[in-house]
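Trainee: Structure supplied as my_file-v1.cif; contents: mmCIF, C-alpha atoms.
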```
data_entry
#
loop_
_atom_site.label_atom_id
_atom_site.label_comp_id
_atom_site.auth_asym_id
_atom_site.auth_seq_id
_atom_site.Cartn_x
_atom_site.Cartn_y
_atom_site.Cartn_z
CA MET J 1 -37.52 -0.72 -0.60
CA ILE J 2 -39.86 -1.86 2.16
CA ARG J 3 -39.28 -0.23 5.51
CA VAL J 4 -40.22 -2.03 8.74
CA LEU J 5 -39.77 -0.32 12.06
CA LEU J 6 -38.80 -2.48 14.98
CA GLU J 7 -38.89 -1.70 18.66
CA ASP J 8 -35.23 -1.74 19.58
CA SER J 9 -34.23 0.63 22.35
CA GLY J 10 -35.75 3.46 20.39
CA MET J 11 -33.71 2.56 17.31
CA SER J 12 -35.05 1.22 14.06
CA ARG J 13 -34.10 -1.19 11.38
CA ARG J 14 -35.01 -0.97 7.73
CA PHE J 15 -35.72 -4.21 6.04
CA VAL J 16 -35.42 -5.22 2.43
CA PRO J 17 -36.84 -8.30 0.72
CA GLN J 18 -34.58 -11.31 0.91
CA PRO J 19 -32.31 -10.62 -2.01
CA LEU J 20 -32.02 -12.80 -4.96
CA ARG J 21 -33.06 -16.39 -4.54
CA LEU J 22 -31.54 -16.86 -7.96
CA ALA J 23 -28.17 -15.56 -6.74
CA ARG J 24 -28.29 -18.03 -3.85
CA ALA J 25 -29.07 -20.89 -6.20
CA LEU J 26 -26.25 -19.77 -8.48
CA ALA J 27 -23.84 -19.59 -5.54
CA LEU J 28 -24.78 -23.14 -4.54
CA ALA J 29 -24.30 -24.33 -8.10
CA LEU J 30 -20.90 -22.66 -8.28
CA ALA J 31 -19.91 -24.14 -4.93
CA ALA J 32 -20.88 -27.59 -6.18
CA ALA J 33 -18.83 -27.04 -9.33
CA ALA J 34 -15.86 -25.93 -7.24
CA LEU J 35 -16.07 -29.12 -5.21
CA ALA J 36 -16.23 -31.17 -8.38
CA ILE J 37 -13.27 -29.55 -10.08
CA GLY J 38 -11.35 -28.49 -6.99
CA ALA J 39 -10.28 -25.13 -8.35
CA PRO J 40 -8.60 -22.94 -5.72
CA ALA J 41 -9.80 -19.42 -4.97
CA ALA J 42 -7.07 -17.11 -6.16
CA ALA J 43 -9.00 -13.88 -6.31
CA HIS J 44 -9.05 -11.14 -3.75
CA HIS J 45 -12.38 -10.42 -2.12
CA SER J 46 -14.75 -8.68 -4.54
CA PHE J 47 -17.39 -6.17 -3.47
CA ALA J 48 -19.58 -6.61 -6.52
CA VAL J 49 -19.68 -10.38 -6.20
CA HIS J 50 -20.45 -10.40 -2.48
CA PHE J 51 -22.79 -7.42 -2.05
CA VAL J 52 -25.74 -5.75 -3.75
CA ALA J 53 -24.38 -2.39 -4.84
CA ASP J 54 -27.66 -0.63 -5.58
CA LYS J 55 -29.49 -1.36 -2.31
CA LEU J 56 -29.03 0.05 1.15
CA ILE J 57 -30.32 -1.45 4.39
CA ASP J 58 -29.76 -0.30 7.93
CA VAL J 59 -29.46 -2.03 11.24
CA SER J 60 -29.33 -0.55 14.73
CA GLY J 61 -27.94 -2.19 17.80
CA THR J 62 -25.08 -2.62 20.23
CA VAL J 63 -21.51 -3.14 19.09
CA THR J 64 -19.98 -6.36 20.39
CA GLU J 65 -16.71 -6.25 18.46
CA PHE J 66 -14.77 -3.90 16.20
CA SER J 67 -11.74 -5.16 14.31
CA PHE J 68 -9.74 -2.64 12.31
CA ARG J 69 -7.33 -4.79 10.31
CA ASN J 70 -6.73 -5.33 6.60
CA PRO J 71 -8.00 -6.50 4.22
CA HIS J 72 -11.28 -5.31 5.79
CA GLY J 73 -12.46 -4.04 9.13
CA LEU J 74 -15.29 -5.90 10.78
CA LEU J 75 -18.04 -4.66 13.07
CA ALA J 76 -20.16 -7.15 15.02
CA LEU J 77 -23.53 -5.96 16.20
CA THR J 78 -26.42 -7.34 18.28
CA ALA J 79 -29.80 -6.09 17.06
CA LYS J 80 -33.37 -7.14 17.87
CA ASP J 81 -35.71 -8.77 15.39
CA ALA J 82 -39.51 -8.17 15.23
CA ASN J 83 -40.05 -10.53 18.18
CA GLY J 84 -37.44 -8.90 20.35
CA LYS J 85 -35.04 -11.75 19.81
CA ASP J 86 -31.32 -10.99 19.45
CA GLN J 87 -29.90 -11.08 15.96
CA GLN J 88 -26.17 -11.09 15.29
CA TRP J 89 -24.93 -8.97 12.40
CA LYS J 90 -21.52 -8.69 10.82
CA ILE J 91 -20.63 -5.53 8.94
CA GLU J 92 -17.58 -5.36 6.73
CA THR J 93 -15.77 -2.06 6.25
CA ASN J 94 -13.46 -0.87 3.51
CA SER J 95 -9.76 -1.42 4.06
CA PRO J 96 -8.69 0.31 7.30
CA ASN J 97 -5.92 2.01 5.29
CA ILE J 98 -8.57 3.70 3.17
CA LEU J 99 -10.66 4.55 6.23
CA ARG J 100 -7.73 6.06 8.15
CA ARG J 101 -7.53 8.66 5.41
CA ARG J 102 -11.25 9.28 5.96
CA GLY J 103 -10.82 9.85 9.69
CA TRP J 104 -11.43 6.39 11.13
CA SER J 105 -9.15 4.68 13.69
CA GLU J 106 -9.04 1.55 15.85
CA THR J 107 -10.94 3.42 18.56
CA SER J 108 -13.61 5.02 16.38
CA ILE J 109 -16.08 2.35 17.45
CA LYS J 110 -16.04 0.50 20.77
CA PRO J 111 -17.90 -2.52 22.17
CA GLY J 112 -21.02 -1.27 23.91
CA ASP J 113 -21.58 1.63 21.52
CA LEU J 114 -25.12 2.05 20.22
CA VAL J 115 -24.95 2.60 16.49
CA THR J 116 -27.01 2.60 13.34
CA VAL J 117 -25.23 1.10 10.36
CA GLU J 118 -26.33 1.68 6.80
CA GLY J 119 -24.83 -0.58 4.20
CA TYR J 120 -25.04 -2.82 1.19
CA PRO J 121 -26.67 -6.23 1.84
CA ALA J 122 -24.94 -9.54 1.22
CA ARG J 123 -26.11 -11.27 -1.93
CA ASP J 124 -26.80 -14.49 -0.01
CA GLY J 125 -29.32 -12.82 2.30
CA SER J 126 -27.33 -13.47 5.46
CA ASN J 127 -26.93 -10.93 8.29
CA PHE J 128 -23.86 -9.51 6.63
CA MET J 129 -23.38 -6.18 4.88
CA ARG J 130 -20.74 -3.75 3.63
CA VAL J 131 -20.76 -0.46 5.49
CA TYR J 132 -21.81 2.82 3.96
CA ARG J 133 -22.17 4.87 7.14
CA VAL J 134 -22.14 4.42 10.92
CA THR J 135 -24.18 6.92 12.94
CA PHE J 136 -23.97 7.43 16.71
CA PRO J 137 -26.82 8.67 18.96
CA ASP J 138 -25.12 12.08 19.24
CA GLY J 139 -25.24 12.47 15.47
CA ARG J 140 -21.57 11.72 14.85
CA GLU J 141 -20.99 9.90 11.56
CA LEU J 142 -18.30 7.70 10.11
CA VAL J 143 -18.52 7.26 6.35
CA GLY J 144 -17.06 4.15 4.77
CA GLN J 145 -18.15 3.62 1.21
CA ARG J 146 -20.35 6.43 -0.03
CA PRO J 147 -23.03 5.52 -2.58
CA ASP J 148 -22.33 7.53 -5.69
CA PRO J 149 -24.07 6.62 -8.93
CA THR J 150 -21.25 8.17 -10.96
CA VAL J 151 -18.54 6.06 -9.32
CA PRO J 152 -18.82 2.26 -9.36
CA SER J 153 -18.85 0.55 -5.98
CA GLY J 154 -15.41 0.00 -4.58
CA LYS J 155 -13.26 -3.00 -3.92
CA ASP J 156 -11.15 -1.34 -1.27
CA MET R 157 39.91 1.44 -22.57
CA ARG R 158 40.20 3.54 -19.44
CA ALA R 159 37.11 5.30 -18.17
CA PRO R 160 37.08 8.93 -19.32
CA HIS R 161 37.62 11.55 -16.67
CA GLY R 162 37.88 15.29 -16.33
CA LEU R 163 36.79 17.38 -19.32
CA LEU R 164 36.58 14.29 -21.55
CA ARG R 165 34.15 12.71 -19.13
CA LEU R 166 32.02 15.82 -19.14
CA LEU R 167 32.03 15.81 -22.94
CA VAL R 168 31.05 12.11 -23.02
CA LEU R 169 28.22 12.74 -20.58
CA ALA R 170 27.06 15.75 -22.56
CA ALA R 171 27.05 13.70 -25.76
CA ALA R 172 25.14 10.88 -24.05
CA CYS R 173 22.56 13.28 -22.70
CA ALA R 174 21.91 14.60 -26.17
CA ALA R 175 20.63 11.17 -27.14
CA PRO R 176 16.85 10.62 -27.04
CA LEU R 177 17.12 7.83 -24.51
CA CYS R 178 19.41 9.65 -22.09
CA ALA R 179 18.52 8.33 -18.64
CA SER R 180 19.34 11.60 -16.89
CA ALA R 181 16.87 13.39 -19.15
CA ALA R 182 14.12 10.95 -18.22
CA PRO R 183 11.11 12.33 -16.39
CA ASN R 184 11.38 12.02 -12.63
CA LEU R 185 8.52 9.83 -11.40
CA GLU R 186 9.82 9.68 -7.84
CA SER R 187 7.04 10.67 -5.46
CA PHE R 188 4.03 9.43 -3.50
CA TRP R 189 1.17 8.77 -5.89
CA THR R 190 -2.44 8.28 -4.85
CA PRO R 191 -5.12 6.80 -7.14
CA LYS R 192 -6.95 9.41 -9.13
CA LEU R 193 -10.70 8.86 -9.36
CA GLU R 194 -11.61 10.21 -12.75
CA ARG R 195 -14.99 10.59 -14.37
CA ALA R 196 -13.26 11.45 -17.64
CA ARG R 197 -9.93 9.86 -18.52
CA SER R 198 -7.27 12.54 -18.42
CA GLY R 199 -4.77 10.14 -19.99
CA GLN R 200 -6.86 9.32 -23.05
CA ALA R 201 -3.84 9.98 -25.29
CA LEU R 202 -2.02 7.04 -23.70
CA ILE R 203 -5.08 4.83 -24.20
CA ASP R 204 -5.21 5.86 -27.84
CA GLU R 205 -1.71 4.41 -28.27
CA LEU R 206 -2.89 0.92 -27.33
CA PRO R 207 -3.43 -1.57 -30.16
CA LYS R 208 -6.93 -0.95 -31.53
CA ALA R 209 -7.83 -4.62 -31.05
CA ALA R 210 -7.08 -4.58 -27.32
CA VAL R 211 -10.12 -4.92 -25.05
CA LEU R 212 -10.06 -2.21 -22.38
CA ILE R 213 -11.07 -3.67 -19.00
CA ASN R 214 -13.06 -1.04 -17.16
CA ASP R 215 -12.58 -2.09 -13.56
CA THR R 216 -9.75 0.11 -12.33
CA GLY R 217 -9.65 2.13 -9.13
CA ALA R 218 -12.97 1.80 -7.35
CA GLY R 219 -14.58 -0.01 -10.29
CA GLU R 220 -15.43 -3.68 -10.42
CA LEU R 221 -16.88 -6.18 -12.82
CA ALA R 222 -19.93 -8.14 -11.73
CA ALA R 223 -20.01 -11.92 -11.63
CA GLY R 224 -19.97 -13.30 -15.15
CA ASP R 225 -18.81 -10.03 -16.76
CA PHE R 226 -15.41 -10.49 -18.37
CA ALA R 227 -15.33 -7.18 -20.24
CA GLY R 228 -16.15 -8.85 -23.53
CA LEU R 229 -13.03 -11.00 -23.63
CA LYS R 230 -13.37 -14.37 -25.30
CA LEU R 231 -12.20 -16.88 -22.70
CA LYS R 232 -10.46 -20.09 -23.62
CA PRO R 233 -12.29 -23.34 -22.66
CA SER R 234 -9.97 -23.96 -19.70
CA ALA R 235 -10.63 -20.45 -18.40
CA ILE R 236 -14.38 -20.98 -18.77
CA GLU R 237 -14.08 -24.13 -16.67
CA GLN R 238 -12.05 -22.26 -14.09
CA VAL R 239 -14.62 -19.47 -13.88
CA LYS R 240 -17.47 -21.98 -13.54
CA ALA R 241 -15.66 -23.54 -10.61
CA TYR R 242 -15.21 -20.21 -8.83
CA ASP R 243 -16.80 -20.00 -5.39
CA TYR R 244 -16.57 -16.46 -4.08
CA LYS R 245 -17.13 -17.56 -0.49
CA GLN R 246 -13.81 -19.36 -0.57
CA GLU R 247 -12.15 -15.94 -0.62
CA LEU R 248 -13.14 -15.40 3.01
CA LYS R 249 -11.30 -18.48 4.21
CA ARG R 250 -8.08 -18.08 6.17
CA GLU R 251 -5.95 -19.64 3.43
CA ASN R 252 -7.25 -17.22 0.79
CA THR R 253 -7.88 -13.93 2.59
CA CYS R 254 -4.31 -12.70 2.28
CA ASN R 255 -3.59 -14.30 -1.08
CA ALA R 256 -2.47 -11.14 -2.89
CA PRO R 257 -3.26 -10.68 -6.56
CA SER R 258 -0.49 -10.38 -9.14
CA VAL R 259 0.82 -7.26 -10.85
CA ALA R 260 -1.82 -7.83 -13.52
CA PHE R 261 -4.39 -6.77 -10.93
CA PHE R 262 -2.72 -5.06 -7.97
CA MET R 263 -1.60 -1.94 -9.84
CA GLN R 264 -5.20 -0.89 -10.41
CA ALA R 265 -6.31 -1.38 -6.79
CA PRO R 266 -7.45 1.87 -5.12
CA PHE R 267 -4.34 2.20 -2.93
CA PRO R 268 -1.37 4.57 -3.20
CA MET R 269 2.26 3.82 -4.00
CA GLU R 270 5.70 5.31 -3.55
CA VAL R 271 8.04 5.46 -6.56
CA TYR R 272 11.83 5.51 -6.21
CA GLN R 273 13.90 6.14 -9.31
CA ASP R 274 17.49 5.75 -10.36
CA GLU R 275 19.05 5.65 -13.81
CA LYS R 276 19.23 1.85 -13.71
CA LEU R 277 16.37 0.97 -11.43
CA ILE R 278 12.86 1.99 -10.49
CA VAL R 279 11.18 0.61 -7.37
CA LEU R 280 7.45 0.80 -6.70
CA LYS R 281 6.44 0.35 -3.08
CA MET R 282 2.76 -0.52 -3.11
CA GLU R 283 0.48 -0.05 -0.12
CA TYR R 284 -1.81 -2.85 -1.29
CA PHE R 285 -0.69 -6.06 0.42
CA ASP R 286 2.74 -4.46 1.13
CA LEU R 287 3.80 -5.48 -2.38
CA TYR R 288 6.70 -3.98 -4.30
CA ARG R 289 8.05 -4.00 -7.82
CA VAL R 290 11.56 -3.66 -9.18
CA ILE R 291 11.95 -2.45 -12.76
CA PHE R 292 15.45 -2.93 -14.19
CA LEU R 293 16.61 -0.26 -16.64
CA ASP R 294 20.14 -1.65 -17.09
CA GLY R 295 19.46 -3.64 -20.22
CA ARG R 296 19.38 -7.08 -18.62
CA PRO R 297 17.16 -9.74 -20.24
CA HIS R 298 14.36 -11.66 -18.57
CA PRO R 299 15.45 -14.88 -16.81
CA PRO R 300 14.92 -18.27 -18.50
CA ALA R 301 11.29 -19.21 -19.00
CA ASP R 302 11.40 -21.87 -16.29
CA ALA R 303 12.70 -19.48 -13.61
CA PRO R 304 10.44 -19.04 -10.56
CA HIS R 305 7.44 -16.78 -10.95
CA SER R 306 6.20 -14.21 -8.44
CA LYS R 307 3.34 -11.78 -7.77
CA SER R 308 5.33 -8.89 -9.23
CA GLY R 309 7.03 -10.87 -11.99
CA HIS R 310 10.29 -9.82 -13.64
CA SER R 311 10.24 -6.34 -15.13
CA VAL R 312 12.69 -4.68 -17.51
CA GLY R 313 12.15 -1.17 -18.79
CA HIS R 314 13.46 1.62 -20.95
CA TRP R 315 12.56 5.20 -21.71
CA ASP R 316 10.82 5.89 -25.00
CA GLY R 317 11.02 9.68 -24.95
CA ASP R 318 8.83 10.78 -22.04
CA THR R 319 7.30 7.33 -21.62
CA LEU R 320 8.60 4.52 -19.43
CA VAL R 321 8.00 1.22 -21.22
CA VAL R 322 8.08 -1.85 -18.98
CA ASP R 323 8.01 -5.46 -20.11
CA THR R 324 7.02 -7.99 -17.46
CA THR R 325 7.07 -11.79 -17.52
CA HIS R 326 7.32 -14.54 -14.86
CA ILE R 327 4.07 -13.44 -13.24
CA GLU R 328 2.57 -16.03 -10.93
CA SER R 329 -0.93 -17.09 -11.95
CA GLY R 330 -3.52 -15.08 -10.04
CA THR R 331 -6.45 -12.72 -10.12
CA PHE R 332 -7.05 -11.06 -13.47
CA MET R 333 -10.57 -9.91 -12.68
CA ASN R 334 -11.76 -10.35 -9.12
CA ASN R 335 -14.95 -12.09 -10.18
CA GLY R 336 -13.16 -15.39 -10.53
CA PHE R 337 -11.15 -15.05 -13.74
CA ASN R 338 -7.46 -15.78 -13.21
CA HIS R 339 -4.62 -15.30 -15.67
CA SER R 340 -2.06 -18.03 -16.33
CA ASP R 341 1.63 -17.95 -15.39
CA ALA R 342 2.43 -17.35 -19.07
CA LEU R 343 0.89 -13.86 -19.03
CA HIS R 344 3.03 -11.24 -20.79
CA MET R 345 2.44 -7.61 -19.85
CA VAL R 346 3.70 -4.40 -21.43
CA GLU R 347 3.16 -1.15 -19.55
CA ARG R 348 3.54 2.48 -20.55
CA PHE R 349 3.93 5.05 -17.76
CA ARG R 350 3.73 8.75 -18.59
CA MET R 351 3.43 11.92 -16.51
CA SER R 352 1.22 14.82 -17.42
CA PRO R 353 3.16 17.90 -18.60
CA ASP R 354 2.57 19.61 -15.23
CA GLY R 355 3.91 16.55 -13.37
CA LYS R 356 0.81 16.27 -11.22
CA THR R 357 -0.66 13.13 -12.79
CA LEU R 358 0.85 9.76 -13.61
CA TRP R 359 -0.86 7.66 -16.26
CA LEU R 360 -0.39 3.98 -16.99
CA THR R 361 -1.66 1.51 -19.52
CA GLN R 362 -1.10 -2.21 -19.11
CA LEU R 363 -1.38 -4.42 -22.18
CA TYR R 364 -1.90 -8.14 -21.56
CA ASP R 365 -1.31 -11.16 -23.74
CA ASP R 366 -2.27 -14.51 -22.23
CA PRO R 367 -3.24 -16.97 -24.96
CA ALA R 368 -3.72 -19.71 -22.37
CA THR R 369 -6.80 -17.95 -20.93
CA PHE R 370 -8.22 -15.54 -23.53
CA ASP R 371 -8.08 -14.65 -27.21
CA GLY R 372 -6.48 -11.44 -28.44
CA LEU R 373 -5.21 -8.64 -26.23
CA ALA R 374 -6.62 -6.92 -23.14
CA ALA R 375 -5.62 -3.67 -21.46
CA ARG R 376 -6.23 -1.47 -18.43
CA TYR R 377 -5.78 2.23 -17.85
CA MET R 378 -5.09 3.86 -14.50
CA ALA R 379 -4.07 7.25 -13.16
CA TRP R 380 -2.53 8.63 -9.97
CA THR R 381 -2.20 12.10 -8.45
CA ARG R 382 1.17 13.27 -7.10
CA LYS R 383 1.08 13.94 -3.38
CA ALA R 384 4.65 14.69 -2.45
CA GLY R 385 5.65 14.12 1.16
CA ASP R 386 3.03 11.51 1.97
CA HIS R 387 3.82 7.82 2.38
CA VAL R 388 2.16 4.43 2.15
CA TYR R 389 0.75 2.79 5.25
CA PRO R 390 1.54 -0.80 6.26
CA TYR R 391 -1.10 -3.24 5.04
CA ASP R 392 -0.32 -6.17 7.36
CA CYS R 393 -3.06 -8.40 6.01
CA ASP R 394 -4.80 -10.37 8.75
CA PRO R 395 -5.71 -13.87 7.55
CA SER R 396 -8.23 -14.34 10.35
CA TYR R 397 -10.70 -12.04 8.63
CA GLY R 398 -13.90 -13.90 7.86
CA GLU R 399 -13.54 -16.48 10.63
#
```
Written as C-alpha cells, how would this file's structure read?

Mentor:
Amino acid sequence: MIRVLLEDSGMSRRFVPQPLRLARALALALAAAALAIGAPAAAHHSFAVHFVADKLIDVSGTVTEFSFRNPHGLLALTAKDANGKDQQWKIETNSPNILRRRGWSETSIKPGDLVTVEGYPARDGSNFMRVYRVTFPDGRELVGQRPDPTVPSGKD
Amino acid sequence: MRAPHGLLRLLVLAAACAAPLCASAAPNLESFWTPKLERARSGQALIDELPKAAVLINDTGAGELAAGDFAGLKLKPSAIEQVKAYDYKQELKRENTCNAPSVAFFMQAPFPMEVYQDEKLIVLKMEYFDLYRVIFLDGRPHPPADAPHSKSGHSVGHWDGDTLVVDTTHIESGTFMNNGFNHSDALHMVERFRMSPDGKTLWLTQLYDDPATFDGLAARYMAWTRKAGDHVYPYDCDPSYGE
C-alpha cells in the first residue's frame, strides 16, 4: 500500500492505487449485458461485490451528513486532495441495527465533526468506501466492520 | 365420538405423549436467537445428515461469495444468462434497495430472530427486513402449485425426534447468492432445526432443489446462540439509500 500524506487541517489521507481497471471493465461489460437482456436486480447489496475486502484506505475530513438508517448507514465527508481542492466522499456503514449493538447511535457522528475514516475501497475506484473505523480528534473510536482474516468480510 | 374428558382425557394425553412425535415433548425453541459466528461448525452432526451429493454453500453469517463464485454449483444455461446480466450497481437504486431476499437467503443473514412456538404453529420474527415466517405443524398440505408465492414461502413442519423438519414451497424468486445468482419460484427447500443438548445453540441446515437454475442439490448451514430476554430491532428499510 502506498501512503501519501496530504496537508488537510493537520489530518492525513492514505492513498492506494486506483483499484482494478479490470474490475471496472468487467462492471461496464456486465452493465451493458444487463441493458441488453433487461434482467432486474433482485439481490441484496453485497459487500464482496462492491468493495475490496483485503485493502484498507483512510480519509480525513469534515462530516457533512450522517444517515443512520437501514439497510446501511451513510457518512458524507469533505476532504482535501493534494492540491487543496475539496473532495466529496461517501462512506457506507454496516446495518445500523448491527452497529447499535456495537455502541453506535444516530448521534454518534454529527455534521461538522472532524473525523478520520478507515475503510474498504469501492471496486470501481470512486470516492466510496465501507467503514472499518471512525476516529475522532480526541481519540474516541467507533468500529464498524473489523478486519479479521479468520472471518470473511460481512454483508451486514 | 365425544371428546374425552376427566381421567380418560388424561390417559389419552399420556398415551399420545408416549409417542415419538408427541408435540408436547418437542424441544422448546422459543427464545431470542442471535447469529453465532463460528470458526468451527458446532453443528457438524446436522451437516453430516445432508445428502452426500449436496453442495454446501459457504456464505452464511458474515461470509460472502465473490463475484463469479457460485460455490461449485453447475448453473443451468438460463441461470448463466441471468448471472451475466447482473449489474451490482443496480442494487443501490431506490427500486432495489429494499427488495428483501427470500427465505432461501434471509435465514443466513447476520441478524437475530425471535422464535415463538405452539404445538401447531411456529413463528419466526426476523430482524432482517422485518420479515417473518409461519411454520404450520397441524398437518395441512401446501397450497396448489399456482397459489401466490412470497418471500417466506409456505412452510409445513413436523418433529422428527429432537429435530424440526420444515418443508417450504411457494418461494418467490429472489437472491440465492448475493453475487447475482437468483433462484427460481420453483425452489423447494427442506430444513432441519436442532438445538444443542444444553439448549444454548440452535443449528439449521437448509437443503435446496431448484432444477430450473442448477443441477443437483445445494445446502447451507447456520447456527444461533440463545439470548433469552433480548428482542429484535425494527429494520425499517429506507429505499432512499444510495441516492

Trainee: From the list J:Ala79, J:Ile98, J:Ala48, J:Ala53, which residue is nearest J:Val117 when using all atoms listed in the file?

Mentor: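 Answer, going by the shortest atom-to-atom distance: J:Ala79.
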
Trainee: Give me, please, the distance in Å between atom CA of J:Arg100 and atom CA of J:Leu74, quoted to one decimal.

Mentor: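 Answer for the atom CA of J:Arg100 to atom CA of J:Leu74 separation: 14.4 Å.
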
Trainee: Evaluate the PyMOL selection byres ((chain R) within 6 of (chain J)) here and jot the selected residues down as a PDB file with C-alpha atoms, in the coordinates of the input.

Mentor:
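Just written: part24.pdb:
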```pdb
ATOM      1  CA  ALA R 218     -12.970   1.800  -7.350  1.00  0.00           C
ATOM      2  CA  GLY R 219     -14.580  -0.010 -10.290  1.00  0.00           C
ATOM      3  CA  ALA R 222     -19.930  -8.140 -11.730  1.00  0.00           C
ATOM      4  CA  ALA R 223     -20.010 -11.920 -11.630  1.00  0.00           C
ATOM      5  CA  ALA R 241     -15.660 -23.540 -10.610  1.00  0.00           C
ATOM      6  CA  TYR R 242     -15.210 -20.210  -8.830  1.00  0.00           C
ATOM      7  CA  ASP R 243     -16.800 -20.000  -5.390  1.00  0.00           C
ATOM      8  CA  GLN R 246     -13.810 -19.360  -0.570  1.00  0.00           C
ATOM      9  CA  GLU R 247     -12.150 -15.940  -0.620  1.00  0.00           C
ATOM     10  CA  GLY R 330      -3.520 -15.080 -10.040  1.00  0.00           C
ATOM     11  CA  THR R 331      -6.450 -12.720 -10.120  1.00  0.00           C
ATOM     12  CA  ASN R 334     -11.760 -10.350  -9.120  1.00  0.00           C
ATOM     13  CA  CYS R 393      -3.060  -8.400   6.010  1.00  0.00           C
ATOM     14  CA  ASP R 394      -4.800 -10.370   8.750  1.00  0.00           C
TER      15      ASP R 394
END
```

Trainee: Give me, please, the distance in Å between atom CA of R:Asp316 and atom CA of R:Pro191, quoted to one decimal.

Mentor: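 Taking atom CA of R:Asp316 as the start and atom CA of R:Pro191 as the end point, the length is 24.0 Å.
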
Trainee: One number please: atom CA of R:Thr325 to atom CA of R:Met282, in Å, one decimal.

Mentor: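 Computing it gives 18.8 Å between the two atoms.
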
Trainee: Since the input lacks some atoms of stretch 250-261 of chain R, please model N, CA, C and O atoms and print them as a PDB file, in the coordinates of the input.

Mentor:
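What ended up in out.pdb:
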```pdb
ATOM      1  N   ARG R 250      -9.394 -18.494   5.678  1.00  0.00           N
ATOM      2  CA  ARG R 250      -8.080 -18.080   6.170  1.00  0.00           C
ATOM      3  C   ARG R 250      -6.984 -18.242   5.113  1.00  0.00           C
ATOM      4  O   ARG R 250      -6.123 -17.385   4.950  1.00  0.00           O
ATOM      5  N   GLU R 251      -7.028 -19.369   4.380  1.00  0.00           N
ATOM      6  CA  GLU R 251      -5.950 -19.640   3.430  1.00  0.00           C
ATOM      7  C   GLU R 251      -6.008 -18.749   2.196  1.00  0.00           C
ATOM      8  O   GLU R 251      -5.046 -18.699   1.420  1.00  0.00           O
ATOM      9  N   ASN R 252      -7.126 -18.047   1.993  1.00  0.00           N
ATOM     10  CA  ASN R 252      -7.250 -17.220   0.790  1.00  0.00           C
ATOM     11  C   ASN R 252      -7.298 -15.725   1.069  1.00  0.00           C
ATOM     12  O   ASN R 252      -7.035 -14.917   0.177  1.00  0.00           O
ATOM     13  N   THR R 253      -7.659 -15.341   2.286  1.00  0.00           N
ATOM     14  CA  THR R 253      -7.880 -13.930   2.590  1.00  0.00           C
ATOM     15  C   THR R 253      -6.685 -13.058   2.224  1.00  0.00           C
ATOM     16  O   THR R 253      -6.852 -11.953   1.700  1.00  0.00           O
ATOM     17  N   CYS R 254      -5.496 -13.531   2.514  1.00  0.00           N
ATOM     18  CA  CYS R 254      -4.310 -12.700   2.280  1.00  0.00           C
ATOM     19  C   CYS R 254      -3.530 -13.161   1.047  1.00  0.00           C
ATOM     20  O   CYS R 254      -2.333 -12.882   0.925  1.00  0.00           O
ATOM     21  N   ASN R 255      -4.215 -13.875   0.171  1.00  0.00           N
ATOM     22  CA  ASN R 255      -3.590 -14.300  -1.080  1.00  0.00           C
ATOM     23  C   ASN R 255      -3.609 -13.115  -2.044  1.00  0.00           C
ATOM     24  O   ASN R 255      -4.595 -12.858  -2.727  1.00  0.00           O
ATOM     25  N   ALA R 256      -2.517 -12.383  -2.099  1.00  0.00           N
ATOM     26  CA  ALA R 256      -2.470 -11.140  -2.890  1.00  0.00           C
ATOM     27  C   ALA R 256      -2.599 -11.430  -4.375  1.00  0.00           C
ATOM     28  O   ALA R 256      -2.141 -12.469  -4.849  1.00  0.00           O
ATOM     29  N   PRO R 257      -3.215 -10.521  -5.108  1.00  0.00           N
ATOM     30  CA  PRO R 257      -3.260 -10.680  -6.560  1.00  0.00           C
ATOM     31  C   PRO R 257      -1.889 -10.365  -7.163  1.00  0.00           C
ATOM     32  O   PRO R 257      -0.997  -9.869  -6.486  1.00  0.00           O
ATOM     33  N   SER R 258      -1.763 -10.658  -8.455  1.00  0.00           N
ATOM     34  CA  SER R 258      -0.490 -10.380  -9.140  1.00  0.00           C
ATOM     35  C   SER R 258      -0.485  -8.953  -9.678  1.00  0.00           C
ATOM     36  O   SER R 258      -1.475  -8.220  -9.575  1.00  0.00           O
ATOM     37  N   VAL R 259       0.638  -8.596 -10.279  1.00  0.00           N
ATOM     38  CA  VAL R 259       0.820  -7.260 -10.850  1.00  0.00           C
ATOM     39  C   VAL R 259      -0.202  -6.968 -11.957  1.00  0.00           C
ATOM     40  O   VAL R 259      -0.467  -5.812 -12.273  1.00  0.00           O
ATOM     41  N   ALA R 260      -0.799  -8.031 -12.489  1.00  0.00           N
ATOM     42  CA  ALA R 260      -1.820  -7.830 -13.520  1.00  0.00           C
ATOM     43  C   ALA R 260      -3.127  -7.342 -12.912  1.00  0.00           C
ATOM     44  O   ALA R 260      -4.077  -7.048 -13.630  1.00  0.00           O
ATOM     45  N   PHE R 261      -3.180  -7.279 -11.584  1.00  0.00           N
ATOM     46  CA  PHE R 261      -4.390  -6.770 -10.930  1.00  0.00           C
ATOM     47  C   PHE R 261      -4.063  -5.739  -9.840  1.00  0.00           C
ATOM     48  O   PHE R 261      -4.807  -4.782  -9.632  1.00  0.00           O
TER      49      PHE R 261
END
```
